[in-house]
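The next block is upload31.txt, given as compact mmCIF, N, CA and C atoms.
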```txt
# COMPACT_ATOMS: atom_id res chain seq x y z
N MET A 1 0.84 -1.17 0.00
CA MET A 1 0.00 0.00 0.00
C MET A 1 0.89 1.23 0.00
N ALA A 2 0.70 2.07 -0.90
CA ALA A 2 1.39 3.35 -0.88
C ALA A 2 0.70 4.23 0.15
N LEU A 3 1.42 5.18 0.64
CA LEU A 3 0.85 6.12 1.60
C LEU A 3 0.41 7.38 0.88
N MET A 4 -0.29 8.22 1.59
CA MET A 4 -0.72 9.50 1.04
C MET A 4 -0.66 10.55 2.14
N ILE A 5 -0.61 11.81 1.76
CA ILE A 5 -0.62 12.90 2.72
C ILE A 5 -1.95 13.63 2.57
N THR A 6 -2.65 13.78 3.68
CA THR A 6 -3.96 14.42 3.63
C THR A 6 -3.84 15.94 3.71
N ASP A 7 -4.96 16.63 3.52
CA ASP A 7 -4.95 18.09 3.56
C ASP A 7 -4.76 18.65 4.97
N GLU A 8 -4.59 17.76 5.94
CA GLU A 8 -4.25 18.21 7.29
C GLU A 8 -2.76 18.56 7.41
N CYS A 9 -2.00 18.30 6.36
CA CYS A 9 -0.57 18.58 6.33
C CYS A 9 -0.32 20.06 6.63
N ILE A 10 0.67 20.31 7.50
CA ILE A 10 1.00 21.69 7.87
C ILE A 10 2.30 22.17 7.20
N ASN A 11 2.79 21.40 6.22
CA ASN A 11 4.01 21.75 5.49
C ASN A 11 5.19 22.01 6.42
N CYS A 12 5.37 21.13 7.39
CA CYS A 12 6.44 21.31 8.37
C CYS A 12 7.79 20.86 7.83
N ASP A 13 7.82 20.19 6.71
CA ASP A 13 9.05 19.77 6.03
C ASP A 13 9.80 18.62 6.69
N VAL A 14 9.22 17.93 7.66
CA VAL A 14 9.98 16.85 8.30
C VAL A 14 9.89 15.52 7.56
N CYS A 15 8.84 15.29 6.79
CA CYS A 15 8.68 13.99 6.13
C CYS A 15 9.56 13.82 4.90
N GLU A 16 9.69 14.86 4.11
CA GLU A 16 10.40 14.74 2.83
C GLU A 16 11.81 14.17 2.96
N PRO A 17 12.65 14.68 3.84
CA PRO A 17 14.01 14.12 3.92
C PRO A 17 14.07 12.72 4.53
N GLU A 18 13.00 12.27 5.15
CA GLU A 18 12.98 10.94 5.75
C GLU A 18 12.71 9.83 4.75
N CYS A 19 12.20 10.17 3.59
CA CYS A 19 11.81 9.16 2.60
C CYS A 19 13.04 8.63 1.85
N PRO A 20 13.37 7.35 2.02
CA PRO A 20 14.54 6.80 1.35
C PRO A 20 14.36 6.63 -0.16
N ASN A 21 13.13 6.68 -0.64
CA ASN A 21 12.85 6.53 -2.07
C ASN A 21 12.60 7.85 -2.78
N GLN A 22 12.70 8.94 -2.06
CA GLN A 22 12.40 10.26 -2.60
C GLN A 22 11.01 10.32 -3.23
N ALA A 23 10.05 9.67 -2.55
CA ALA A 23 8.67 9.63 -3.04
C ALA A 23 7.88 10.85 -2.60
N ILE A 24 8.37 11.58 -1.61
CA ILE A 24 7.65 12.74 -1.08
C ILE A 24 8.17 14.01 -1.73
N TYR A 25 7.25 14.84 -2.19
CA TYR A 25 7.61 16.08 -2.86
C TYR A 25 6.56 17.14 -2.53
N MET A 26 6.93 18.40 -2.72
CA MET A 26 6.00 19.49 -2.48
C MET A 26 5.05 19.60 -3.65
N GLY A 27 3.76 19.46 -3.37
CA GLY A 27 2.72 19.60 -4.39
C GLY A 27 2.31 21.06 -4.50
N ALA A 28 1.15 21.29 -5.08
CA ALA A 28 0.66 22.66 -5.28
C ALA A 28 0.44 23.39 -3.96
N GLU A 29 -0.07 22.66 -2.95
CA GLU A 29 -0.35 23.31 -1.66
C GLU A 29 0.26 22.58 -0.48
N ILE A 30 0.35 21.27 -0.56
CA ILE A 30 0.90 20.46 0.53
C ILE A 30 1.85 19.41 -0.06
N TYR A 31 2.57 18.73 0.82
CA TYR A 31 3.42 17.65 0.35
C TYR A 31 2.55 16.51 -0.18
N GLU A 32 3.11 15.78 -1.14
CA GLU A 32 2.42 14.66 -1.75
C GLU A 32 3.37 13.48 -1.82
N ILE A 33 2.80 12.29 -2.02
CA ILE A 33 3.61 11.08 -2.13
C ILE A 33 3.35 10.43 -3.48
N ASP A 34 4.43 10.14 -4.21
CA ASP A 34 4.33 9.46 -5.49
C ASP A 34 4.11 7.97 -5.20
N PRO A 35 2.94 7.42 -5.50
CA PRO A 35 2.66 6.02 -5.18
C PRO A 35 3.56 5.04 -5.95
N ASP A 36 4.12 5.47 -7.06
CA ASP A 36 5.02 4.60 -7.81
C ASP A 36 6.38 4.45 -7.14
N LYS A 37 6.71 5.36 -6.22
CA LYS A 37 7.98 5.28 -5.50
C LYS A 37 7.83 4.88 -4.05
N CYS A 38 6.62 4.97 -3.50
CA CYS A 38 6.41 4.67 -2.08
C CYS A 38 6.38 3.16 -1.86
N THR A 39 7.27 2.68 -1.00
CA THR A 39 7.29 1.26 -0.61
C THR A 39 6.95 1.11 0.87
N GLU A 40 6.46 2.16 1.48
CA GLU A 40 6.20 2.18 2.92
C GLU A 40 7.46 1.81 3.68
N CYS A 41 8.60 2.15 3.09
CA CYS A 41 9.94 1.91 3.64
C CYS A 41 10.33 0.43 3.67
N VAL A 42 9.53 -0.45 3.03
CA VAL A 42 9.92 -1.85 2.91
C VAL A 42 11.25 -1.89 2.16
N GLY A 43 12.19 -2.64 2.69
CA GLY A 43 13.53 -2.71 2.11
C GLY A 43 14.50 -1.75 2.77
N HIS A 44 13.98 -0.79 3.50
CA HIS A 44 14.81 0.20 4.17
C HIS A 44 14.65 0.14 5.68
N PHE A 45 13.41 0.19 6.15
CA PHE A 45 13.11 0.26 7.57
C PHE A 45 11.93 -0.64 7.91
N ASP A 46 11.73 -0.89 9.20
CA ASP A 46 10.61 -1.73 9.64
C ASP A 46 9.28 -1.00 9.58
N GLU A 47 9.31 0.33 9.66
CA GLU A 47 8.09 1.13 9.65
C GLU A 47 8.28 2.33 8.73
N PRO A 48 7.20 2.84 8.16
CA PRO A 48 7.31 4.04 7.31
C PRO A 48 7.85 5.22 8.13
N GLN A 49 8.95 5.75 7.69
CA GLN A 49 9.60 6.83 8.42
C GLN A 49 8.81 8.13 8.41
N CYS A 50 8.12 8.42 7.32
CA CYS A 50 7.33 9.65 7.26
C CYS A 50 6.23 9.64 8.31
N MET A 51 5.61 8.48 8.50
CA MET A 51 4.55 8.37 9.50
C MET A 51 5.11 8.56 10.91
N GLN A 52 6.33 8.10 11.11
CA GLN A 52 6.96 8.21 12.43
C GLN A 52 7.25 9.65 12.81
N VAL A 53 7.61 10.48 11.83
CA VAL A 53 8.01 11.85 12.15
C VAL A 53 6.91 12.88 11.99
N CYS A 54 5.80 12.52 11.36
CA CYS A 54 4.72 13.48 11.12
C CYS A 54 4.09 13.93 12.44
N PRO A 55 4.13 15.23 12.73
CA PRO A 55 3.59 15.71 14.00
C PRO A 55 2.06 15.80 14.03
N VAL A 56 1.40 15.71 12.88
CA VAL A 56 -0.06 15.84 12.85
C VAL A 56 -0.77 14.57 12.37
N ASP A 57 -0.04 13.47 12.23
CA ASP A 57 -0.64 12.20 11.80
C ASP A 57 -1.50 12.33 10.55
N CYS A 58 -0.93 12.91 9.51
CA CYS A 58 -1.71 13.11 8.29
C CYS A 58 -1.23 12.21 7.15
N ILE A 59 -0.60 11.08 7.49
CA ILE A 59 -0.08 10.18 6.45
C ILE A 59 -0.67 8.79 6.62
N PRO A 60 -1.86 8.57 6.08
CA PRO A 60 -2.49 7.24 6.14
C PRO A 60 -2.14 6.42 4.88
N VAL A 61 -2.61 5.19 4.88
CA VAL A 61 -2.50 4.35 3.70
C VAL A 61 -3.42 4.92 2.62
N ASN A 62 -2.95 4.93 1.39
CA ASN A 62 -3.73 5.44 0.27
C ASN A 62 -4.65 4.32 -0.22
N PRO A 63 -5.96 4.45 -0.02
CA PRO A 63 -6.89 3.39 -0.42
C PRO A 63 -6.92 3.14 -1.93
N ALA A 64 -6.43 4.07 -2.72
CA ALA A 64 -6.40 3.88 -4.17
C ALA A 64 -5.18 3.08 -4.62
N HIS A 65 -4.24 2.82 -3.69
CA HIS A 65 -3.01 2.10 -4.03
C HIS A 65 -2.72 1.04 -2.99
N VAL A 66 -3.62 0.08 -2.86
CA VAL A 66 -3.46 -1.00 -1.88
C VAL A 66 -2.49 -2.03 -2.43
N GLU A 67 -1.41 -2.30 -1.67
CA GLU A 67 -0.40 -3.28 -2.06
C GLU A 67 -0.03 -4.10 -0.83
N ASN A 68 0.26 -5.39 -1.04
CA ASN A 68 0.71 -6.20 0.08
C ASN A 68 2.23 -6.07 0.23
N ARG A 69 2.77 -6.66 1.28
CA ARG A 69 4.20 -6.50 1.57
C ARG A 69 5.06 -7.08 0.44
N GLU A 70 4.64 -8.18 -0.16
CA GLU A 70 5.41 -8.77 -1.25
C GLU A 70 5.48 -7.81 -2.44
N THR A 71 4.37 -7.17 -2.75
CA THR A 71 4.35 -6.20 -3.86
C THR A 71 5.23 -5.00 -3.55
N LEU A 72 5.20 -4.55 -2.29
CA LEU A 72 6.06 -3.43 -1.88
C LEU A 72 7.53 -3.83 -1.99
N TRP A 73 7.86 -5.07 -1.61
CA TRP A 73 9.23 -5.56 -1.72
C TRP A 73 9.67 -5.59 -3.19
N GLN A 74 8.79 -6.05 -4.08
CA GLN A 74 9.10 -6.08 -5.51
C GLN A 74 9.31 -4.67 -6.05
N LYS A 75 8.51 -3.72 -5.56
CA LYS A 75 8.67 -2.32 -5.99
C LYS A 75 10.02 -1.79 -5.52
N TYR A 76 10.39 -2.11 -4.26
CA TYR A 76 11.70 -1.71 -3.72
C TYR A 76 12.82 -2.27 -4.61
N GLN A 77 12.72 -3.55 -4.96
CA GLN A 77 13.74 -4.17 -5.82
C GLN A 77 13.82 -3.46 -7.17
N ARG A 78 12.69 -3.17 -7.75
CA ARG A 78 12.64 -2.49 -9.05
C ARG A 78 13.27 -1.10 -8.96
N LEU A 79 12.95 -0.36 -7.89
CA LEU A 79 13.51 0.98 -7.71
C LEU A 79 15.01 0.94 -7.50
N THR A 80 15.49 0.01 -6.70
CA THR A 80 16.92 -0.05 -6.42
C THR A 80 17.70 -0.55 -7.63
N GLN A 81 17.12 -1.42 -8.42
CA GLN A 81 17.80 -1.91 -9.62
C GLN A 81 17.83 -0.87 -10.72
N SER A 82 16.89 0.08 -10.68
CA SER A 82 16.85 1.10 -11.72
C SER A 82 17.69 2.32 -11.36
N GLY A 83 18.39 2.24 -10.24
CA GLY A 83 19.27 3.34 -9.87
C GLY A 83 18.63 4.39 -9.00
N GLN A 84 17.40 4.16 -8.54
CA GLN A 84 16.77 5.10 -7.62
C GLN A 84 17.53 5.07 -6.29
N PRO A 85 17.51 6.16 -5.52
CA PRO A 85 18.18 6.17 -4.22
C PRO A 85 17.65 5.06 -3.31
N PHE A 86 18.56 4.43 -2.59
CA PHE A 86 18.17 3.40 -1.64
C PHE A 86 19.21 3.29 -0.55
N SER A 87 18.89 2.52 0.48
CA SER A 87 19.74 2.41 1.65
C SER A 87 20.90 1.45 1.47
N GLY A 88 20.89 0.65 0.42
CA GLY A 88 21.93 -0.33 0.22
C GLY A 88 21.57 -1.68 0.80
N ALA A 89 20.40 -1.79 1.40
CA ALA A 89 19.98 -3.07 1.96
C ALA A 89 19.79 -4.06 0.83
N ASP A 90 20.35 -5.26 0.99
CA ASP A 90 20.18 -6.25 -0.06
C ASP A 90 19.61 -7.55 0.47
N GLU A 91 19.07 -7.51 1.66
CA GLU A 91 18.45 -8.69 2.24
C GLU A 91 16.94 -8.53 2.25
N VAL A 92 16.26 -9.64 2.13
CA VAL A 92 14.81 -9.64 2.17
C VAL A 92 14.38 -9.27 3.59
N PRO A 93 13.44 -8.36 3.74
CA PRO A 93 12.95 -8.03 5.07
C PRO A 93 12.37 -9.28 5.73
N PRO A 94 12.41 -9.37 7.06
CA PRO A 94 11.96 -10.57 7.76
C PRO A 94 10.57 -11.07 7.37
N SER A 95 9.63 -10.19 7.09
CA SER A 95 8.29 -10.65 6.79
C SER A 95 8.04 -10.85 5.30
N ALA A 96 9.09 -10.64 4.49
CA ALA A 96 8.92 -10.88 3.05
C ALA A 96 9.00 -12.37 2.79
N PRO A 97 8.30 -12.86 1.79
CA PRO A 97 8.32 -14.29 1.52
C PRO A 97 9.72 -14.73 1.07
N PRO A 98 10.14 -15.94 1.44
CA PRO A 98 11.47 -16.44 1.07
C PRO A 98 11.70 -16.44 -0.43
N SER A 99 10.66 -16.58 -1.22
CA SER A 99 10.83 -16.61 -2.67
C SER A 99 11.32 -15.28 -3.22
N ALA A 100 11.24 -14.21 -2.43
CA ALA A 100 11.68 -12.89 -2.89
C ALA A 100 13.14 -12.66 -2.58
N ALA A 101 13.84 -13.66 -2.04
CA ALA A 101 15.25 -13.50 -1.68
C ALA A 101 16.09 -13.28 -2.92
N PRO A 102 17.07 -12.38 -2.85
CA PRO A 102 17.95 -12.14 -3.97
C PRO A 102 18.78 -13.41 -4.28
N ALA A 103 19.05 -13.64 -5.52
CA ALA A 103 19.84 -14.80 -5.91
C ALA A 103 21.27 -14.63 -5.45
N ALA A 104 21.88 -15.70 -5.01
CA ALA A 104 23.29 -15.67 -4.59
C ALA A 104 24.14 -15.44 -5.82
N GLY A 105 25.15 -14.62 -5.66
CA GLY A 105 25.92 -14.33 -6.86
C GLY A 105 27.26 -14.06 -6.56
```

Encoded form using structure tokens:
Amino acid sequence: MALMITDECINCDVCEPECPNQAIYMGAEIYEIDPDKCTECVGHFDEPQCMQVCPVDCIPVNPAHVENRETLWQKYQRLTQSGQPFSGADEVPPSAPPSAAPAAG
């Protein structure tokens, strides 16, 4: 599931630098999240970092972009393989299915 920022956003600027995928950007009036880049921090952290730092709790799951953890892991892999910024983590997160493990090389 990609996340979204609601109109309760106060533009405090704390979420944008926390996103390891650079999915958060300033929209016309408030910050927004690109659902194609949002992995809910799967592959980077155990919990979405933007949600952790948001002082007004305005970052819920985006109901228009519901994804399971395996899909988020695949998105993370696709983003990191395409040269998008990432943390360098190359291990499958603990709750990801074993079939998503990177091939030994």

Which residue gives the smallest distance to Val56 in chain A among A:Cys9, A:Ile33, A:Met26, A:Ala2, with only N, CA and C atoms counted?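 Checking each of A:Cys9, A:Ile33, A:Met26, A:Ala2 against Val56 in chain A, counting only N, CA and C atoms, the winner is A:Cys9.
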
Tell me which residues come within 12 Å of (-3.9, 19.9, 10.7), as a list in words, counting only C-alpha atoms in the file's coordinates.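 Those residues lying close to the given coordinates are Ile5, Thr6, Asp7, Glu8, Cys9, Ile10, Asn11, Cys12, Ile30, Cys54, Pro55, Val56, Asp57, Cys58 and Ile59 of chain A.
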
Report, in Å with one decimal, the straight-line distance from atom C of Gln77 in chain A to atom N of Asp13 in chain A. 28.1 Å

Could you pull the residues within 8 Å of Asn68 in chain A, counting all atoms listed in the file, minus those fewer than 5 positions along the same chain, as a list of chain:residue names?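 Listing them by chain and then by number gives A:Met1, A:Ala2, A:Trp73, A:Gln74.
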
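With CA of Glu70 in chain A on one side and CA of Glu18 in chain A on the other, the separation reads 22.2 Å.
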
Out of A:Val42, A:Val61, A:Val66, A:Val53, which residue has the shortest atom-to-atom distance to Asn21 in chain A when counting only C-alpha atoms?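 Using only C-alpha atoms, the shortest distance to Asn21 in chain A belongs to A:Val42.
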
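Running DSSP on the backbone and keeping only strand (DSSP E), the residues of range 15-88 of chain A that qualify are Ile24, Tyr25, Met26, Tyr31, Glu32 and Ile33 of chain A.
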
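Nearest residue to Tyr76 in chain A, choosing from A:Pro35, A:Gly27, A:Pro17, A:Gly43 and counting only N, CA and C atoms: A:Gly43.
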
Atom C of Leu72 in chain A to atom C of Ala28 in chain A, distance in Å rounded to a single decimal: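 Distance between the two atoms: 28.2 Å.
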
Determine which residues of range 4-101 of chain A receive a DSSP assignment of helix (DSSP H, G or I), computed from the backbone, and state them as number ranges by chain. A: 16-18, 49-53, 69-81, 98-100

Selected residues written out with N, CA and C atoms, as a short mmCIF file (atom, residue, chain, number, x, y, z; two decimals), in the frame of the given file:
```
data_model
loop_
_atom_site.label_atom_id
_atom_site.label_comp_id
_atom_site.auth_asym_id
_atom_site.auth_seq_id
_atom_site.Cartn_x
_atom_site.Cartn_y
_atom_site.Cartn_z
N GLU A 16 9.69 14.86 4.11
CA GLU A 16 10.40 14.74 2.83
C GLU A 16 11.81 14.17 2.96
N PRO A 17 12.65 14.68 3.84
CA PRO A 17 14.01 14.12 3.92
C PRO A 17 14.07 12.72 4.53
N GLU A 18 13.00 12.27 5.15
CA GLU A 18 12.98 10.94 5.75
C GLU A 18 12.71 9.83 4.75
N GLN A 49 8.95 5.75 7.69
CA GLN A 49 9.60 6.83 8.42
C GLN A 49 8.81 8.13 8.41
N CYS A 50 8.12 8.42 7.32
CA CYS A 50 7.33 9.65 7.26
C CYS A 50 6.23 9.64 8.31
N MET A 51 5.61 8.48 8.50
CA MET A 51 4.55 8.37 9.50
C MET A 51 5.11 8.56 10.91
N GLN A 52 6.33 8.10 11.11
CA GLN A 52 6.96 8.21 12.43
C GLN A 52 7.25 9.65 12.81
N VAL A 53 7.61 10.48 11.83
CA VAL A 53 8.01 11.85 12.15
C VAL A 53 6.91 12.88 11.99
N ARG A 69 2.77 -6.66 1.28
CA ARG A 69 4.20 -6.50 1.57
C ARG A 69 5.06 -7.08 0.44
N GLU A 70 4.64 -8.18 -0.16
CA GLU A 70 5.41 -8.77 -1.25
C GLU A 70 5.48 -7.81 -2.44
N THR A 71 4.37 -7.17 -2.75
CA THR A 71 4.35 -6.20 -3.86
C THR A 71 5.23 -5.00 -3.55
N LEU A 72 5.20 -4.55 -2.29
CA LEU A 72 6.06 -3.43 -1.88
C LEU A 72 7.53 -3.83 -1.99
N TRP A 73 7.86 -5.07 -1.61
CA TRP A 73 9.23 -5.56 -1.72
C TRP A 73 9.67 -5.59 -3.19
N GLN A 74 8.79 -6.05 -4.08
CA GLN A 74 9.10 -6.08 -5.51
C GLN A 74 9.31 -4.67 -6.05
N LYS A 75 8.51 -3.72 -5.56
CA LYS A 75 8.67 -2.32 -5.99
C LYS A 75 10.02 -1.79 -5.52
N TYR A 76 10.39 -2.11 -4.26
CA TYR A 76 11.70 -1.71 -3.72
C TYR A 76 12.82 -2.27 -4.61
N GLN A 77 12.72 -3.55 -4.96
CA GLN A 77 13.74 -4.17 -5.82
C GLN A 77 13.82 -3.46 -7.17
N ARG A 78 12.69 -3.17 -7.75
CA ARG A 78 12.64 -2.49 -9.05
C ARG A 78 13.27 -1.10 -8.96
N LEU A 79 12.95 -0.36 -7.89
CA LEU A 79 13.51 0.98 -7.71
C LEU A 79 15.01 0.94 -7.50
N THR A 80 15.49 0.01 -6.70
CA THR A 80 16.92 -0.05 -6.42
C THR A 80 17.70 -0.55 -7.63
N GLN A 81 17.12 -1.42 -8.42
CA GLN A 81 17.80 -1.91 -9.62
C GLN A 81 17.83 -0.87 -10.72
N PRO A 98 10.14 -15.94 1.44
CA PRO A 98 11.47 -16.44 1.07
C PRO A 98 11.70 -16.44 -0.43
N SER A 99 10.66 -16.58 -1.22
CA SER A 99 10.83 -16.61 -2.67
C SER A 99 11.32 -15.28 -3.22
N ALA A 100 11.24 -14.21 -2.43
CA ALA A 100 11.68 -12.89 -2.89
C ALA A 100 13.14 -12.66 -2.58
#
```

Given all atoms listed in the file as the counted atoms, nearest of A:Asp34, A:Glu16, A:Lys75, A:His65 to Cys50 in chain A: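 Looking only at the distances to Cys50 in chain A, the closest residue turns out to be A:Glu16.
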
Between A:Pro63, A:Pro48, A:Glu32, A:Met4, which is the closest to Pro20 in chain A once you count only C-alpha atoms? A:Pro48
